[in-house]
Structures are given as structure tokens and as C-alpha cells.
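Below is the file run36.txt, which contains compact mmCIF, N, CA and C atoms.
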```txt
# COMPACT_ATOMS: atom_id res chain seq x y z
N MET A 5 0.84 -1.18 0.00
CA MET A 5 0.00 0.00 0.00
C MET A 5 0.89 1.24 0.00
N ILE A 6 0.53 2.21 -0.82
CA ILE A 6 1.28 3.46 -0.90
C ILE A 6 0.68 4.45 0.08
N SER A 7 1.55 5.10 0.82
CA SER A 7 1.11 6.10 1.77
C SER A 7 0.55 7.32 1.04
N PRO A 8 -0.59 7.87 1.49
CA PRO A 8 -1.13 9.09 0.88
C PRO A 8 -0.14 10.25 0.90
N VAL A 9 0.74 10.28 1.89
CA VAL A 9 1.75 11.33 1.98
C VAL A 9 2.74 11.20 0.83
N LYS A 10 3.16 9.96 0.52
CA LYS A 10 4.09 9.74 -0.59
C LYS A 10 3.44 10.12 -1.91
N VAL A 11 2.17 9.79 -2.08
CA VAL A 11 1.45 10.16 -3.29
C VAL A 11 1.40 11.67 -3.42
N TRP A 12 1.10 12.38 -2.36
CA TRP A 12 1.00 13.84 -2.38
C TRP A 12 2.35 14.47 -2.72
N ARG A 13 3.43 13.95 -2.12
CA ARG A 13 4.76 14.50 -2.39
C ARG A 13 5.19 14.25 -3.83
N ARG A 14 4.86 13.08 -4.36
CA ARG A 14 5.27 12.74 -5.72
C ARG A 14 4.53 13.56 -6.76
N GLN A 15 3.32 14.01 -6.46
CA GLN A 15 2.55 14.75 -7.44
C GLN A 15 3.20 16.08 -7.80
N LYS A 16 4.04 16.62 -6.93
CA LYS A 16 4.75 17.86 -7.24
C LYS A 16 5.69 17.66 -8.43
N THR A 17 6.43 16.56 -8.44
CA THR A 17 7.35 16.31 -9.55
C THR A 17 6.60 15.92 -10.81
N ILE A 18 5.51 15.19 -10.66
CA ILE A 18 4.70 14.80 -11.82
C ILE A 18 4.09 16.04 -12.47
N ARG A 19 3.59 16.96 -11.68
CA ARG A 19 2.95 18.16 -12.20
C ARG A 19 3.91 18.97 -13.07
N ASP A 20 5.18 19.02 -12.71
CA ASP A 20 6.16 19.77 -13.48
C ASP A 20 6.43 19.15 -14.85
N LEU A 21 6.18 17.85 -15.01
CA LEU A 21 6.44 17.17 -16.28
C LEU A 21 5.25 17.19 -17.24
N LEU A 22 4.05 17.34 -16.72
CA LEU A 22 2.84 17.24 -17.55
C LEU A 22 2.84 18.27 -18.67
N GLY A 23 2.51 17.82 -19.88
CA GLY A 23 2.41 18.71 -21.02
C GLY A 23 3.73 19.00 -21.71
N LYS A 24 4.85 18.57 -21.13
CA LYS A 24 6.15 18.79 -21.76
C LYS A 24 6.26 17.90 -22.99
N THR A 25 6.91 18.40 -24.02
CA THR A 25 7.12 17.61 -25.23
C THR A 25 8.58 17.24 -25.32
N GLY A 26 8.86 16.23 -26.13
CA GLY A 26 10.22 15.78 -26.33
C GLY A 26 10.31 14.81 -27.49
N VAL A 27 11.44 14.15 -27.61
CA VAL A 27 11.65 13.18 -28.68
C VAL A 27 12.08 11.85 -28.09
N ILE A 28 11.72 10.78 -28.76
CA ILE A 28 12.10 9.43 -28.34
C ILE A 28 13.57 9.20 -28.69
N LEU A 29 14.36 8.83 -27.69
CA LEU A 29 15.75 8.47 -27.93
C LEU A 29 15.89 6.97 -28.17
N SER A 30 15.06 6.19 -27.45
CA SER A 30 15.10 4.74 -27.57
C SER A 30 13.78 4.17 -27.05
N TRP A 31 13.46 2.95 -27.44
CA TRP A 31 12.24 2.31 -26.94
C TRP A 31 12.43 0.80 -26.89
N THR A 32 11.60 0.15 -26.07
CA THR A 32 11.62 -1.30 -25.99
C THR A 32 10.22 -1.78 -25.61
N LYS A 33 9.95 -3.03 -25.91
CA LYS A 33 8.66 -3.63 -25.56
C LYS A 33 8.89 -4.66 -24.46
N ILE A 34 8.12 -4.56 -23.39
CA ILE A 34 8.24 -5.45 -22.22
C ILE A 34 7.23 -6.59 -22.37
N PHE A 35 7.76 -7.82 -22.44
CA PHE A 35 6.90 -8.99 -22.55
C PHE A 35 6.78 -9.74 -21.22
N THR A 36 7.78 -9.63 -20.35
CA THR A 36 7.77 -10.30 -19.06
C THR A 36 7.90 -9.24 -17.96
N PRO A 37 6.78 -8.67 -17.55
CA PRO A 37 6.82 -7.57 -16.58
C PRO A 37 6.84 -8.08 -15.14
N PRO A 38 7.08 -7.16 -14.19
CA PRO A 38 6.93 -7.52 -12.79
C PRO A 38 5.46 -7.84 -12.48
N PRO A 39 5.19 -8.53 -11.39
CA PRO A 39 3.83 -8.98 -11.08
C PRO A 39 2.76 -7.88 -11.10
N GLN A 40 3.08 -6.67 -10.64
CA GLN A 40 2.07 -5.63 -10.57
C GLN A 40 1.68 -5.07 -11.94
N PHE A 41 2.43 -5.41 -13.00
CA PHE A 41 2.12 -4.90 -14.34
C PHE A 41 1.73 -6.01 -15.32
N LYS A 42 1.49 -7.22 -14.83
CA LYS A 42 1.13 -8.33 -15.71
C LYS A 42 -0.17 -8.09 -16.46
N HIS A 43 -1.06 -7.32 -15.89
CA HIS A 43 -2.37 -7.08 -16.53
C HIS A 43 -2.27 -6.19 -17.77
N ILE A 44 -1.16 -5.47 -17.97
CA ILE A 44 -1.03 -4.62 -19.15
C ILE A 44 0.02 -5.13 -20.13
N ALA A 45 0.65 -6.26 -19.85
CA ALA A 45 1.71 -6.78 -20.72
C ALA A 45 1.12 -7.32 -22.02
N PRO A 46 1.81 -7.23 -23.11
CA PRO A 46 3.07 -6.52 -23.31
C PRO A 46 2.83 -5.02 -23.45
N TYR A 47 3.80 -4.23 -23.02
CA TYR A 47 3.67 -2.78 -23.12
C TYR A 47 5.01 -2.19 -23.56
N THR A 48 4.95 -0.96 -24.07
CA THR A 48 6.13 -0.31 -24.62
C THR A 48 6.63 0.78 -23.67
N ILE A 49 7.93 0.80 -23.48
CA ILE A 49 8.60 1.81 -22.66
C ILE A 49 9.48 2.66 -23.57
N VAL A 50 9.45 3.97 -23.37
CA VAL A 50 10.31 4.86 -24.15
C VAL A 50 11.26 5.61 -23.23
N TYR A 51 12.42 5.92 -23.77
CA TYR A 51 13.38 6.80 -23.12
C TYR A 51 13.37 8.05 -23.98
N ALA A 52 12.95 9.18 -23.39
CA ALA A 52 12.75 10.40 -24.17
C ALA A 52 13.52 11.57 -23.57
N LYS A 53 13.94 12.47 -24.44
CA LYS A 53 14.58 13.72 -24.01
C LYS A 53 13.55 14.82 -24.15
N LEU A 54 13.22 15.48 -23.04
CA LEU A 54 12.21 16.53 -23.04
C LEU A 54 12.81 17.86 -23.48
N GLU A 55 11.91 18.80 -23.79
CA GLU A 55 12.34 20.12 -24.27
C GLU A 55 13.18 20.88 -23.24
N ASN A 56 13.03 20.56 -21.96
CA ASN A 56 13.82 21.24 -20.93
C ASN A 56 15.16 20.56 -20.68
N GLY A 57 15.49 19.54 -21.49
CA GLY A 57 16.77 18.85 -21.37
C GLY A 57 16.73 17.64 -20.46
N GLN A 58 15.64 17.42 -19.79
CA GLN A 58 15.50 16.29 -18.87
C GLN A 58 15.19 15.01 -19.64
N ASN A 59 15.79 13.90 -19.23
CA ASN A 59 15.49 12.60 -19.83
C ASN A 59 14.55 11.84 -18.92
N ILE A 60 13.55 11.18 -19.51
CA ILE A 60 12.62 10.38 -18.72
C ILE A 60 12.43 9.01 -19.36
N CYS A 61 12.04 8.07 -18.55
CA CYS A 61 11.68 6.74 -19.00
C CYS A 61 10.23 6.53 -18.58
N ALA A 62 9.35 6.24 -19.55
CA ALA A 62 7.93 6.12 -19.24
C ALA A 62 7.25 5.18 -20.22
N GLN A 63 6.08 4.72 -19.85
CA GLN A 63 5.29 3.87 -20.74
C GLN A 63 4.72 4.71 -21.88
N LEU A 64 4.70 4.15 -23.08
CA LEU A 64 4.09 4.80 -24.23
C LEU A 64 2.66 4.30 -24.33
N VAL A 65 1.71 5.23 -24.39
CA VAL A 65 0.29 4.87 -24.40
C VAL A 65 -0.41 5.43 -25.65
N ASP A 66 -1.59 4.90 -25.93
CA ASP A 66 -2.47 5.38 -26.99
C ASP A 66 -1.84 5.33 -28.37
N PHE A 67 -1.28 4.20 -28.72
CA PHE A 67 -0.79 3.99 -30.08
C PHE A 67 -1.12 2.55 -30.46
N LEU A 68 -1.20 2.27 -31.75
CA LEU A 68 -1.67 0.97 -32.18
C LEU A 68 -0.58 0.02 -32.66
N ASP A 69 0.44 0.55 -33.30
CA ASP A 69 1.37 -0.32 -34.00
C ASP A 69 2.82 0.08 -33.71
N ASN A 70 3.66 -0.90 -33.37
CA ASN A 70 5.06 -0.61 -33.11
C ASN A 70 5.81 -0.17 -34.36
N SER A 71 5.26 -0.44 -35.54
CA SER A 71 5.97 -0.08 -36.77
C SER A 71 6.08 1.44 -36.93
N ILE A 72 5.25 2.21 -36.23
CA ILE A 72 5.34 3.67 -36.34
C ILE A 72 6.36 4.25 -35.38
N LEU A 73 6.93 3.41 -34.51
CA LEU A 73 7.90 3.89 -33.53
C LEU A 73 9.29 3.98 -34.15
N ILE A 74 9.81 5.17 -34.18
CA ILE A 74 11.18 5.40 -34.64
C ILE A 74 11.81 6.41 -33.68
N ASP A 75 13.13 6.42 -33.64
CA ASP A 75 13.81 7.41 -32.82
C ASP A 75 13.52 8.80 -33.38
N ASN A 76 13.54 9.79 -32.51
CA ASN A 76 13.25 11.19 -32.83
C ASN A 76 11.78 11.46 -33.13
N LYS A 77 10.89 10.51 -32.85
CA LYS A 77 9.45 10.75 -32.96
C LYS A 77 9.04 11.60 -31.76
N ARG A 78 8.16 12.56 -31.96
CA ARG A 78 7.78 13.50 -30.90
C ARG A 78 6.74 12.88 -29.96
N VAL A 79 6.89 13.17 -28.66
CA VAL A 79 5.97 12.69 -27.64
C VAL A 79 5.60 13.84 -26.71
N VAL A 80 4.50 13.66 -26.00
CA VAL A 80 4.08 14.60 -24.96
C VAL A 80 3.84 13.80 -23.69
N VAL A 81 4.18 14.38 -22.54
CA VAL A 81 4.01 13.70 -21.25
C VAL A 81 2.57 13.89 -20.79
N THR A 82 1.95 12.80 -20.38
CA THR A 82 0.56 12.81 -19.94
C THR A 82 0.44 12.03 -18.63
N LEU A 83 -0.75 11.95 -18.09
CA LEU A 83 -1.00 11.30 -16.80
C LEU A 83 -1.83 10.04 -17.02
N ARG A 84 -1.47 8.96 -16.33
CA ARG A 84 -2.22 7.71 -16.40
C ARG A 84 -2.35 7.10 -15.01
N LYS A 85 -3.46 6.39 -14.80
CA LYS A 85 -3.66 5.69 -13.52
C LYS A 85 -2.71 4.50 -13.47
N LEU A 86 -2.00 4.38 -12.36
CA LEU A 86 -1.02 3.32 -12.21
C LEU A 86 -1.68 1.99 -11.87
N ARG A 87 -2.63 2.02 -10.96
CA ARG A 87 -3.39 0.82 -10.59
C ARG A 87 -4.63 1.25 -9.82
N GLU A 88 -5.48 0.30 -9.51
CA GLU A 88 -6.69 0.59 -8.76
C GLU A 88 -6.36 0.94 -7.32
N SER A 89 -7.23 1.71 -6.69
CA SER A 89 -6.99 2.05 -5.29
C SER A 89 -7.15 0.81 -4.43
N VAL A 90 -6.47 0.82 -3.30
CA VAL A 90 -6.50 -0.34 -2.42
C VAL A 90 -7.47 -0.06 -1.28
N ALA A 91 -6.98 0.24 -0.12
CA ALA A 91 -7.84 0.41 1.04
C ALA A 91 -8.13 1.87 1.37
N ASP A 92 -7.20 2.74 1.09
CA ASP A 92 -7.34 4.14 1.50
C ASP A 92 -8.04 5.02 0.47
N ASP A 93 -8.53 4.43 -0.58
CA ASP A 93 -9.17 5.18 -1.66
C ASP A 93 -8.24 6.20 -2.30
N VAL A 94 -6.95 5.94 -2.24
CA VAL A 94 -5.97 6.78 -2.91
C VAL A 94 -5.65 6.11 -4.23
N ILE A 95 -5.88 6.79 -5.34
CA ILE A 95 -5.61 6.24 -6.66
C ILE A 95 -4.26 6.77 -7.13
N PRO A 96 -3.25 5.92 -7.23
CA PRO A 96 -1.93 6.39 -7.66
C PRO A 96 -1.87 6.61 -9.17
N TYR A 97 -1.35 7.75 -9.57
CA TYR A 97 -1.16 8.08 -10.98
C TYR A 97 0.33 8.19 -11.26
N THR A 98 0.69 8.06 -12.51
CA THR A 98 2.08 8.20 -12.93
C THR A 98 2.13 8.86 -14.29
N ILE A 99 3.32 9.23 -14.72
CA ILE A 99 3.46 9.84 -16.04
C ILE A 99 3.54 8.76 -17.11
N ALA A 100 3.14 9.12 -18.31
CA ALA A 100 3.25 8.28 -19.49
C ALA A 100 3.51 9.19 -20.66
N CYS A 101 3.97 8.63 -21.76
CA CYS A 101 4.22 9.42 -22.96
C CYS A 101 3.21 9.02 -24.04
N LYS A 102 2.86 9.99 -24.85
CA LYS A 102 1.88 9.79 -25.92
C LYS A 102 2.45 10.42 -27.18
N LEU A 103 2.32 9.74 -28.32
CA LEU A 103 2.83 10.28 -29.58
C LEU A 103 2.05 11.53 -29.97
N ILE A 104 2.76 12.50 -30.54
CA ILE A 104 2.10 13.71 -31.03
C ILE A 104 1.78 13.55 -32.49
```

I'd like the structure from this file rewritten - as C-alpha cells, please.
Amino acid sequence: MISPVKVWRRQKTIRDLLGKTGVILSWTKIFTPPPQFKHIAPYTIVYAKLENGQNICAQLVDFLDNSILIDNKRVVVTLRKLRESVADDVIPYTIACKLI
């Protein structure tokens, strides 16, 4: 279970990344994920350089075909639900990247 305090503190860093654009430096597809992500496997992870110079690693969402993935493709940082809430009704969110 994630502490509501940790969720609140983490949202400050997430908020600063939302809406930033960047380019894909590299990507990979995960076929054997950790137990908490088995329900979304296989999924694609990108390593992207944002416009502010920061590099991030995040899941790529809302795309249909891996054949359109190439390096230097533009992405925007968005918000996605990480998993369902457990006991405290705190829904954890995380960043994800979406093709522009």
C-alpha cells in the first residue's frame, strides 16, 4: 500500500512534467513484466529527451502499432492511472508518454 503522503509529495514532480514535449531516444517492448504490471503486458517503454533537457523513462500509451515507432518521434508527457486504489481510496497516478 502506498502512503497518501508519498502520493502527495510525488505529485509535485509529476505536475512539473505534464504537457512537456520531447523526442524518443530509444524504446523497448516489455513482454515479461513484474507482477504488478502483468495485466497490461506486453507494453512499450520509451526513453525520451524533453524540451527542458531532462530525460525520462515512461510507458508509451495510446498507439496501435510498433511499426510507427522510430527514434526522434515527438511525444508529450501525460498522466495515467497506475493501478486501482486499495484500502485508503488513494488512486496512484504516474506519467506516461503519448505520440504527437

Item to check | Neighbour list for A:Tyr47 as a VMD selection string, cut-off 6.5 Å, only N, CA and C atoms, skip fewer than 5 positions in-chain | outcome: chain A and resid 32 to 35 64

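Put simply, atom C of A:Leu22 is 18.8 Å away from atom N of A:Ile49.
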
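Of the listed residues A:Ile18, A:Val9, A:Leu68, A:Leu103, the one whose atoms come nearest to A:Val80 is A:Leu103, with distances taken using all atoms listed in the file.
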
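Between atom N of A:Thr82 and atom N of A:Val50 there is a distance of 12.0 Å.
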
Next on the checklist: Please extract the residues of chain A with a backbone DSSP assignment of strand (DSSP E or B) and present them as a PyMOL selection string.
Outcome noted: chain A and resi 25-34+47-54+59-65+78-85+97-103

Next on the checklist: Just list as a ChimeraX atom specification whatever in chain A DSSP marks as helix (DSSP H, G or I).
Outcome noted: /A:8-21,39-44,70-72
